[in-house]
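Source file protein-v1.tsv; content: TSV, C-alpha atoms.
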chain	number	residue	atom	x	y	z
A	1373	MET	CA	32.56	103.69	144.04
A	1374	LEU	CA	34.32	106.80	145.31
A	1375	LEU	CA	34.53	105.82	148.98
A	1376	GLU	CA	34.59	102.04	148.89
A	1377	ASN	CA	35.64	100.66	152.30
A	1378	LYS	CA	36.50	104.12	153.65
A	1379	ASN	CA	35.51	105.04	157.20
A	1380	ILE	CA	34.01	108.50	157.65
A	1381	LEU	CA	33.14	110.31	160.89
A	1382	ILE	CA	30.36	112.87	160.53
A	1383	THR	CA	29.44	115.47	163.14
A	1384	GLY	CA	26.42	117.73	163.32
A	1385	LEU	CA	23.78	115.51	161.75
A	1386	LEU	CA	20.47	116.62	163.26
A	1387	THR	CA	17.81	116.47	160.56
A	1388	ASP	CA	17.52	114.96	157.10
A	1389	GLN	CA	17.53	118.50	155.67
A	1390	SER	CA	21.12	119.09	156.78
A	1391	ILE	CA	24.22	118.97	154.63
A	1392	ALA	CA	25.66	116.46	157.12
A	1393	PHE	CA	22.78	114.05	156.50
A	1394	HIS	CA	23.27	114.21	152.76
A	1395	VAL	CA	27.03	113.69	153.15
A	1396	ALA	CA	26.32	110.59	155.23
A	1397	LYS	CA	23.77	109.30	152.72
A	1398	ILE	CA	25.93	109.84	149.64
A	1399	ALA	CA	29.02	108.50	151.42
A	1400	GLN	CA	27.18	105.27	152.22
A	1401	GLU	CA	25.93	105.04	148.64
A	1402	GLN	CA	29.55	105.42	147.53
A	1403	GLY	CA	30.69	102.52	149.72
A	1404	ALA	CA	31.75	104.20	152.97
A	1405	ASN	CA	31.23	103.06	156.54
A	1406	VAL	CA	29.78	106.02	158.45
A	1407	VAL	CA	29.96	106.86	162.15
A	1408	LEU	CA	28.07	109.84	163.57
A	1409	THR	CA	28.55	112.01	166.63
A	1410	SER	CA	25.90	113.71	168.73
A	1411	PHE	CA	25.31	114.62	172.36
A	1412	GLY	CA	22.77	115.64	174.97
A	1413	ARG	CA	19.33	116.68	173.85
A	1414	THR	CA	20.29	116.53	170.16
A	1415	MET	CA	21.00	112.78	170.38
A	1416	SER	CA	17.33	111.90	169.84
A	1417	LEU	CA	17.23	114.03	166.67
A	1418	THR	CA	20.40	112.40	165.36
A	1419	LYS	CA	19.08	108.90	166.04
A	1420	ARG	CA	15.77	109.66	164.32
A	1421	SER	CA	17.51	111.07	161.23
A	1422	ALA	CA	20.08	108.26	161.18
A	1423	SER	CA	17.25	105.74	160.85
A	1424	ARG	CA	16.53	107.28	157.42
A	1425	LEU	CA	20.02	106.55	156.09
A	1426	PRO	CA	20.51	103.64	153.68
A	1427	LYS	CA	22.55	101.67	156.26
A	1428	GLU	CA	22.72	101.49	160.04
A	1429	VAL	CA	25.39	103.66	161.65
A	1430	GLY	CA	27.15	103.88	164.99
A	1431	ILE	CA	26.67	107.05	167.01
A	1432	VAL	CA	29.32	108.35	169.40
A	1433	GLU	CA	28.74	110.90	172.15
A	1434	LEU	CA	30.72	114.11	171.49
A	1435	ASP	CA	30.42	117.60	172.90
A	1436	VAL	CA	33.13	119.51	171.02
A	1437	THR	CA	33.62	121.81	174.03
A	1438	SER	CA	34.28	118.89	176.38
A	1439	GLN	CA	37.95	117.97	176.77
A	1440	GLU	CA	36.93	114.65	178.28
A	1441	ASP	CA	34.83	113.77	175.24
A	1442	LEU	CA	37.61	114.83	172.87
A	1443	GLU	CA	40.31	112.86	174.68
A	1444	SER	CA	38.28	109.64	174.56
A	1445	LEU	CA	36.85	110.13	171.07
A	1446	ALA	CA	39.37	108.01	169.16
A	1447	GLU	CA	38.92	105.06	171.50
A	1448	ARG	CA	35.14	105.24	171.27
A	1449	VAL	CA	35.16	105.59	167.48
A	1450	GLN	CA	37.27	102.43	167.33
A	1451	GLU	CA	34.36	100.53	168.83
A	1452	HIS	CA	32.76	100.96	165.39
A	1453	VAL	CA	35.66	101.23	162.89
A	1454	PRO	CA	39.41	100.49	163.24
A	1455	HIS	CA	40.57	103.79	161.71
A	1456	LEU	CA	39.26	106.86	159.90
A	1457	ASP	CA	39.74	108.00	156.32
A	1458	GLY	CA	37.68	111.16	156.64
A	1459	VAL	CA	36.12	113.54	159.15
A	1460	LEU	CA	33.32	116.05	158.53
A	1461	HIS	CA	33.20	119.09	160.80
A	1462	SER	CA	29.61	120.31	160.61
A	1463	VAL	CA	29.41	122.20	163.89
A	1464	GLY	CA	28.42	125.81	164.44
A	1465	PHE	CA	26.55	127.89	166.99
A	1466	ALA	CA	26.24	131.51	168.02
A	1467	PRO	CA	24.03	132.89	170.79
A	1468	GLU	CA	21.08	134.98	169.65
A	1469	SER	CA	22.78	138.21	170.70
A	1470	ALA	CA	25.66	137.49	168.29
A	1471	LEU	CA	23.36	137.53	165.24
A	1472	GLY	CA	20.69	139.71	163.68
A	1473	GLY	CA	22.34	143.12	163.52
A	1474	ASN	CA	23.52	143.27	167.11
A	1475	PHE	CA	27.22	143.25	166.19
A	1476	LEU	CA	28.26	146.35	168.16
A	1477	GLN	CA	26.49	145.27	171.34
A	1478	THR	CA	27.45	141.58	171.56
A	1479	SER	CA	29.32	140.66	174.75
A	1480	TRP	CA	32.66	138.83	174.77
A	1481	GLU	CA	31.02	135.92	176.59
A	1482	ASP	CA	28.66	135.33	173.66
A	1483	VAL	CA	31.38	135.95	171.08
A	1484	SER	CA	33.67	133.46	172.83
A	1485	THR	CA	30.90	130.85	172.78
A	1486	ALA	CA	30.48	131.31	169.04
A	1487	MET	CA	34.23	131.10	168.45
A	1488	HIS	CA	34.72	128.05	170.67
A	1489	ILE	CA	31.94	125.99	169.11
A	1490	SER	CA	32.15	127.20	165.52
A	1491	THR	CA	35.91	127.70	165.07
A	1492	PHE	CA	38.17	126.24	167.75
A	1493	SER	CA	36.25	122.96	167.56
A	1494	PHE	CA	37.62	122.44	164.03
A	1495	LYS	CA	41.11	122.21	165.50
A	1496	SER	CA	39.92	120.24	168.54
A	1497	LEU	CA	38.07	117.67	166.43
A	1498	SER	CA	40.99	117.31	164.03
A	1499	ILE	CA	43.46	116.65	166.83
A	1500	ALA	CA	41.07	114.24	168.60
A	1501	CYS	CA	40.78	112.22	165.37
A	1502	LYS	CA	44.45	112.49	164.41
A	1503	PRO	CA	45.44	109.09	165.94
A	1504	LEU	CA	42.94	107.39	163.61
A	1505	LEU	CA	43.89	109.27	160.43
A	1506	GLY	CA	46.55	108.01	158.07
A	1507	HIS	CA	48.27	109.14	154.89
A	1508	GLY	CA	45.69	110.15	152.29
A	1509	SER	CA	42.94	110.90	154.79
A	1510	SER	CA	40.79	114.01	154.59
A	1511	ILE	CA	39.23	116.49	157.02
A	1512	VAL	CA	36.42	118.63	155.61
A	1513	GLY	CA	34.69	121.57	157.27
A	1514	LEU	CA	31.47	123.30	156.27
A	1515	ASP	CA	31.79	127.03	155.70
A	1516	PHE	CA	29.84	130.07	154.60
A	1517	ASP	CA	32.25	132.33	152.70
A	1518	ALA	CA	33.38	135.01	155.17
A	1519	THR	CA	35.59	137.07	152.88
A	1520	VAL	CA	32.89	139.78	152.99
A	1521	ALA	CA	30.39	141.01	155.59
A	1522	TRP	CA	26.86	139.65	155.29
A	1523	PRO	CA	23.55	141.08	156.57
A	1524	THR	CA	22.56	139.75	160.03
A	1525	TYR	CA	25.42	137.17	160.14
A	1526	ASP	CA	27.54	139.32	162.46
A	1527	TRP	CA	29.79	137.36	164.86
A	1528	MET	CA	29.08	134.06	163.12
A	1529	GLY	CA	30.68	135.66	160.08
A	1530	VAL	CA	33.72	136.47	162.19
A	1531	ALA	CA	33.79	132.89	163.46
A	1532	LYS	CA	33.63	131.59	159.88
A	1533	ALA	CA	36.49	133.90	158.85
A	1534	ALA	CA	38.52	132.42	161.70
A	1535	LEU	CA	37.45	128.93	160.58
A	1536	GLU	CA	38.89	129.64	157.14
A	1537	SER	CA	42.19	130.71	158.67
A	1538	THR	CA	42.19	127.71	161.01
A	1539	SER	CA	41.77	125.35	158.06
A	1540	ARG	CA	44.88	126.78	156.41
A	1541	TYR	CA	46.99	126.31	159.54
A	1542	LEU	CA	45.67	122.78	160.00
A	1543	ALA	CA	46.54	122.07	156.36
A	1544	ARG	CA	50.07	123.31	157.09
A	1545	ASP	CA	50.58	121.26	160.25
A	1546	LEU	CA	48.78	118.05	159.23
A	1547	GLY	CA	50.02	117.99	155.64
A	1548	PRO	CA	53.35	116.32	156.50
A	1549	LEU	CA	51.29	113.43	157.89
A	1550	GLY	CA	49.46	113.10	154.57
A	1551	ILE	CA	46.22	114.54	155.98
A	1552	ARG	CA	44.32	116.95	153.75
A	1553	VAL	CA	42.22	119.77	155.25
A	1554	ASN	CA	39.66	121.66	153.18
A	1555	LEU	CA	36.43	123.63	153.47
A	1556	VAL	CA	33.25	123.56	151.41
A	1557	ALA	CA	31.66	127.00	151.30
A	1558	ALA	CA	28.03	126.30	150.50
A	1559	GLY	CA	25.37	128.78	149.54
A	1560	PRO	CA	22.50	129.25	151.99
A	1561	ILE	CA	20.62	126.04	152.80
A	1562	ARG	CA	17.32	126.08	154.69
A	1563	THR	CA	18.51	123.92	157.59
A	1564	MET	CA	17.71	123.99	161.30
A	1565	ALA	CA	20.79	126.15	161.87
A	1566	ALA	CA	19.78	128.58	159.14
A	1567	LYS	CA	16.33	129.00	160.63
A	1568	SER	CA	17.97	130.33	163.80
A	1569	ILE	CA	19.57	133.22	161.87
A	1570	PRO	CA	17.36	136.34	162.00
A	1571	GLY	CA	16.73	137.65	158.49
A	1572	PHE	CA	17.85	134.46	156.76
A	1573	GLU	CA	15.45	135.25	153.92
A	1574	GLU	CA	17.81	138.06	152.89
A	1575	PHE	CA	20.37	135.44	151.91
A	1576	GLU	CA	17.77	133.59	149.87
A	1577	ASN	CA	16.88	136.77	147.96
A	1578	ILE	CA	20.53	137.65	147.26
A	1579	TRP	CA	21.28	134.19	145.88
A	1580	GLN	CA	18.13	134.05	143.77
A	1581	GLU	CA	19.05	137.39	142.18
A	1582	ARG	CA	22.79	136.92	141.67
A	1583	ALA	CA	23.88	133.26	141.46
A	1584	PRO	CA	24.67	132.63	137.76
A	1585	LEU	CA	23.73	128.95	137.97
A	1586	GLY	CA	20.76	129.60	140.21
A	1587	TRP	CA	20.47	128.23	143.72
A	1588	ASP	CA	17.97	126.01	145.52
A	1589	VAL	CA	17.99	126.78	149.25
A	1590	SER	CA	16.14	123.54	149.97
A	1591	ASP	CA	18.64	121.16	148.32
A	1592	PRO	CA	21.94	120.35	150.12
A	1593	THR	CA	22.93	117.70	147.57
A	1594	ALA	CA	25.54	119.71	145.64
A	1595	ALA	CA	27.39	120.75	148.80
A	1596	ALA	CA	27.30	117.17	150.11
A	1597	GLN	CA	28.67	115.81	146.85
A	1598	ALA	CA	31.62	118.22	147.08
A	1599	CYS	CA	32.40	116.89	150.56
A	1600	VAL	CA	32.30	113.31	149.30
A	1601	VAL	CA	34.71	114.13	146.47
A	1602	LEU	CA	37.09	115.68	149.00
A	1603	PHE	CA	36.93	112.47	151.05
A	1604	SER	CA	37.76	110.43	147.96
A	1605	ASP	CA	41.17	109.79	146.39
A	1606	TRP	CA	40.37	112.05	143.44
A	1607	LEU	CA	41.86	115.23	144.96
A	1608	PRO	CA	45.07	113.91	146.54
A	1609	ALA	CA	47.02	117.17	146.21
A	1610	THR	CA	44.30	119.57	147.36
A	1611	SER	CA	44.61	121.00	150.86
A	1612	GLY	CA	44.07	124.37	152.53
A	1613	GLU	CA	41.38	125.06	149.94
A	1614	MET	CA	37.91	126.55	150.19
A	1615	ILE	CA	35.67	125.07	147.49
A	1616	HIS	CA	32.63	127.20	146.69
A	1617	VAL	CA	29.38	125.36	146.05
A	1618	ASP	CA	27.09	128.35	145.73
A	1619	GLY	CA	25.83	128.52	142.17
A	1620	GLY	CA	28.72	130.84	141.30
A	1621	MET	CA	27.48	133.62	143.58
A	1622	HIS	CA	30.93	134.30	145.07
A	1623	SER	CA	32.27	135.29	141.64
A	1624	GLN	CA	29.78	138.10	141.09
A	1625	GLY	CA	30.02	141.77	142.07
A	1626	ALA	CA	27.13	144.06	142.97
Just give me the structure as structure tokens.
Amino acid sequence: MLLENKNILITGLLTDQSIAFHVAKIAQEQGANVVLTSFGRTMSLTKRSASRLPKEVGIVELDVTSQEDLESLAERVQEHVPHLDGVLHSVGFAPESALGGNFLQTSWEDVSTAMHISTFSFKSLSIACKPLLGHGSSIVGLDFDATVAWPTYDWMGVAKAALESTSRYLARDLGPLGIRVNLVAAGPIRTMAAKSIPGFEEFENIWQERAPLGWDVSDPTAAAQACVVLFSDWLPATSGEMIHVDGGMHSQGA
């Protein structure tokens, strides 16, 4: 099994339609011990979805914007597992005004919220987990390729572009410790987060028309499998990379 006896921390698991849920499920099937994070009003959703996983999991309270939560995270994770071999960053949010074609009018306050939760949290989470991560461990973030501008995605696209840059700097600074840092850039998946993006159906249409391998917006399995491979020992020299799992869409021009 790819992840036998590995300990994986997974953030952002809300529903069983999410990529995070499928990462947790496949990781358990591949032998991993999984711990989840959640907080506040989303905790009930996480608990309900966690009950559908093959094995019981521990759930740790974590608001990625709370310094108190971040500083105590490692200690609280150790209540469930002694160390970590992998961390999944599956966190993103932008206020309504930062999406849907409102790019020129969005306030700094809303942009800063999107950047804090969607981008800076990748660094914050990585550093909070660093005491538990050893040589050969892996941090994986979920991305939506931001090398181009997308309809309606607006400031979340900017936040994702910054996430991609952040991952490269984390790869640089954590690499000497033997910690790999990579992103999985998935095609559009019909998740709870996606439903909050005005005009999300435009992404569906683009992928259906142009992805050479085709693309199923209702199936997160391929993206989750890529995350699991990155957590495994099979890519020991891969870091600072963005792996596309999008049916080949990124390789095609207009």
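The point (16.8, 123.1, 150.0) has these residues within 12 Å of it, counting only C-alpha atoms: A:Asp1388, A:Gln1389, A:Ser1390, A:Ile1391, A:His1394, A:Ala1558, A:Gly1559, A:Pro1560, A:Ile1561, A:Arg1562, A:Thr1563, A:Met1564, A:Ala1566, A:Glu1576, A:Trp1587, A:Asp1588, A:Val1589, A:Ser1590, A:Asp1591, A:Pro1592, A:Thr1593, A:Ala1594, A:Ala1595.
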A:Ser1423, A:Thr1610, A:Gln1400, A:Thr1409 ranked by distance to Arg1448 of chain A, top pick (using all atoms listed in the file):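 Under the stated criterion, the closest residue is A:Thr1409.
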Residue nearest Ala1466 of chain A - candidates A:Gly1506, A:Gly1529, A:Gly1586, A:Pro1523, atoms counted: only C-alpha atoms: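 Of all the options, A:Gly1529 lies closest to Ala1466 of chain A.
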Distance query 6 Å from (30.6, 107.4, 155.2) using all atoms listed in the file, result as a PyMOL selection string: chain A and resi 1379-1380+1396+1399-1400+1404-1406
Export C-alpha atoms of the chosen residues as a compact mmCIF listing (two decimals), in the coordinates of the input?
# COMPACT_ATOMS: atom_id res chain seq x y z
CA ASN A 1379 35.51 105.04 157.20
CA ILE A 1380 34.01 108.50 157.65
CA ALA A 1396 26.32 110.59 155.23
CA ALA A 1399 29.02 108.50 151.42
CA GLN A 1400 27.18 105.27 152.22
CA ALA A 1404 31.75 104.20 152.97
CA ASN A 1405 31.23 103.06 156.54
CA VAL A 1406 29.78 106.02 158.45
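Nearest-residue note for His1452 of chain A: choosing from A:Ile1431, A:Leu1514, A:Val1556, A:Met1415, the minimum distance belongs to A:Ile1431, counting all atoms listed in the file.
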Who sits within 9 Å of Leu1460 of chain A, all atoms listed in the file, same chain under 4 positions skipped, as a VMD selection string: chain A and resid 1380 to 1384 1392 1395 1510 to 1514 1599
Long-range neighbours of His1622 of chain A as a list of chain:residue names, 9 Å cut-off, all atoms listed in the file, 6 positions minimum in chain: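 Listing them by chain and then by number gives A:Asp1517, A:Ala1583, A:His1616.
Going from atom CA of Leu1425 of chain A over to atom CA of Ser1410 of chain A, you cover 15.7 Å.
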What is the atom CA of Glu1468 of chain A to atom CA of Ile1489 of chain A distance in Å? 14.1 Å
Go through A:Val1483, A:Leu1386, A:Leu1585, A:Ala1446 one by one, measure the shortest atom-to-atom distance of each to Ala1500 of chain A using all atoms listed in the file, and give the residue with the smallest value. A:Ala1446
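Among the candidates A:Met1614, A:Ala1598, A:Leu1456, A:Leu1408, the one nearest to Ser1537 of chain A when counting all atoms listed in the file is A:Met1614.
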Counting all atoms listed in the file, the option among A:Asp1515, A:Glu1443, A:Asp1457, A:Glu1581 closest to Met1621 of chain A: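 Smallest separation from Met1621 of chain A among the options: A:Glu1581.
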Around all the atoms of segment 1545-1559 of chain A listed in the file, with 8 Å of room on each side, what axis-aligned box do you get, giving centre and edge lengths in Å to one decimal, as AutoDock Vina command-line options?
--center_x 39.4 --center_y 120.9 --center_z 154.9 --size_x 44.0 --size_y 31.7 --size_z 26.7
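Atom CA of Ser1623 of chain A is found 20.5 Å from atom CA of Gln1597 of chain A.
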Quick one: residues within 8 Å of Trp1527 of chain A, all atoms listed in the file counted, chain neighbours fewer than 2 positions away excluded, as a PDB file with C-alpha atoms, in the coordinates of the input?
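Written out: part29.pdb:
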ATOM      1  CA  ALA A1466      26.240 131.510 168.020  1.00  0.00           C
ATOM      2  CA  ALA A1470      25.660 137.490 168.290  1.00  0.00           C
ATOM      3  CA  LEU A1471      23.360 137.530 165.240  1.00  0.00           C
ATOM      4  CA  PHE A1475      27.220 143.250 166.190  1.00  0.00           C
ATOM      5  CA  VAL A1483      31.380 135.950 171.080  1.00  0.00           C
ATOM      6  CA  ALA A1486      30.480 131.310 169.040  1.00  0.00           C
ATOM      7  CA  TYR A1525      25.420 137.170 160.140  1.00  0.00           C
ATOM      8  CA  GLY A1529      30.680 135.660 160.080  1.00  0.00           C
ATOM      9  CA  VAL A1530      33.720 136.470 162.190  1.00  0.00           C
ATOM     10  CA  ALA A1531      33.790 132.890 163.460  1.00  0.00           C
TER      11      ALA A1531
END
Within 10 Å of Ser1444 of chain A, counting only C-alpha atoms, which residues qualify if same-chain residues fewer than 6 places away don't, as a count of residues only? 4
Would you fill the gaps in segment 1522-1535 of chain A so it has N, CA and C atoms, then print it as a short mmCIF file (atom, residue, chain, number, x, y, z; two decimals), in the coordinates of the input?
data_model
loop_
_atom_site.label_atom_id
_atom_site.label_comp_id
_atom_site.auth_asym_id
_atom_site.auth_seq_id
_atom_site.Cartn_x
_atom_site.Cartn_y
_atom_site.Cartn_z
N TRP A 1522 28.20 139.99 155.75
CA TRP A 1522 26.86 139.65 155.29
C TRP A 1522 25.82 140.28 156.22
N PRO A 1523 24.63 140.58 155.69
CA PRO A 1523 23.55 141.08 156.57
C PRO A 1523 23.23 140.06 157.65
N THR A 1524 23.05 140.51 158.87
CA THR A 1524 22.56 139.75 160.03
C THR A 1524 23.52 138.67 160.54
N TYR A 1525 24.58 138.30 159.77
CA TYR A 1525 25.42 137.17 160.14
C TYR A 1525 26.39 137.51 161.28
N ASP A 1526 26.82 138.74 161.33
CA ASP A 1526 27.54 139.32 162.46
C ASP A 1526 28.69 138.44 162.97
N TRP A 1527 28.64 138.05 164.27
CA TRP A 1527 29.79 137.36 164.86
C TRP A 1527 29.95 135.93 164.34
N MET A 1528 28.90 135.35 163.78
CA MET A 1528 29.08 134.06 163.12
C MET A 1528 29.94 134.23 161.88
N GLY A 1529 29.80 135.36 161.21
CA GLY A 1529 30.68 135.66 160.08
C GLY A 1529 32.13 135.76 160.50
N VAL A 1530 32.36 136.39 161.66
CA VAL A 1530 33.72 136.47 162.19
C VAL A 1530 34.24 135.08 162.52
N ALA A 1531 33.39 134.26 163.13
CA ALA A 1531 33.79 132.89 163.46
C ALA A 1531 34.12 132.10 162.20
N LYS A 1532 33.35 132.31 161.13
CA LYS A 1532 33.63 131.59 159.88
C LYS A 1532 34.93 132.08 159.25
N ALA A 1533 35.21 133.39 159.36
CA ALA A 1533 36.49 133.90 158.85
C ALA A 1533 37.65 133.25 159.59
N ALA A 1534 37.49 133.09 160.90
CA ALA A 1534 38.52 132.42 161.70
C ALA A 1534 38.60 130.94 161.34
N LEU A 1535 37.46 130.33 161.02
CA LEU A 1535 37.45 128.93 160.58
C LEU A 1535 38.29 128.78 159.32
#
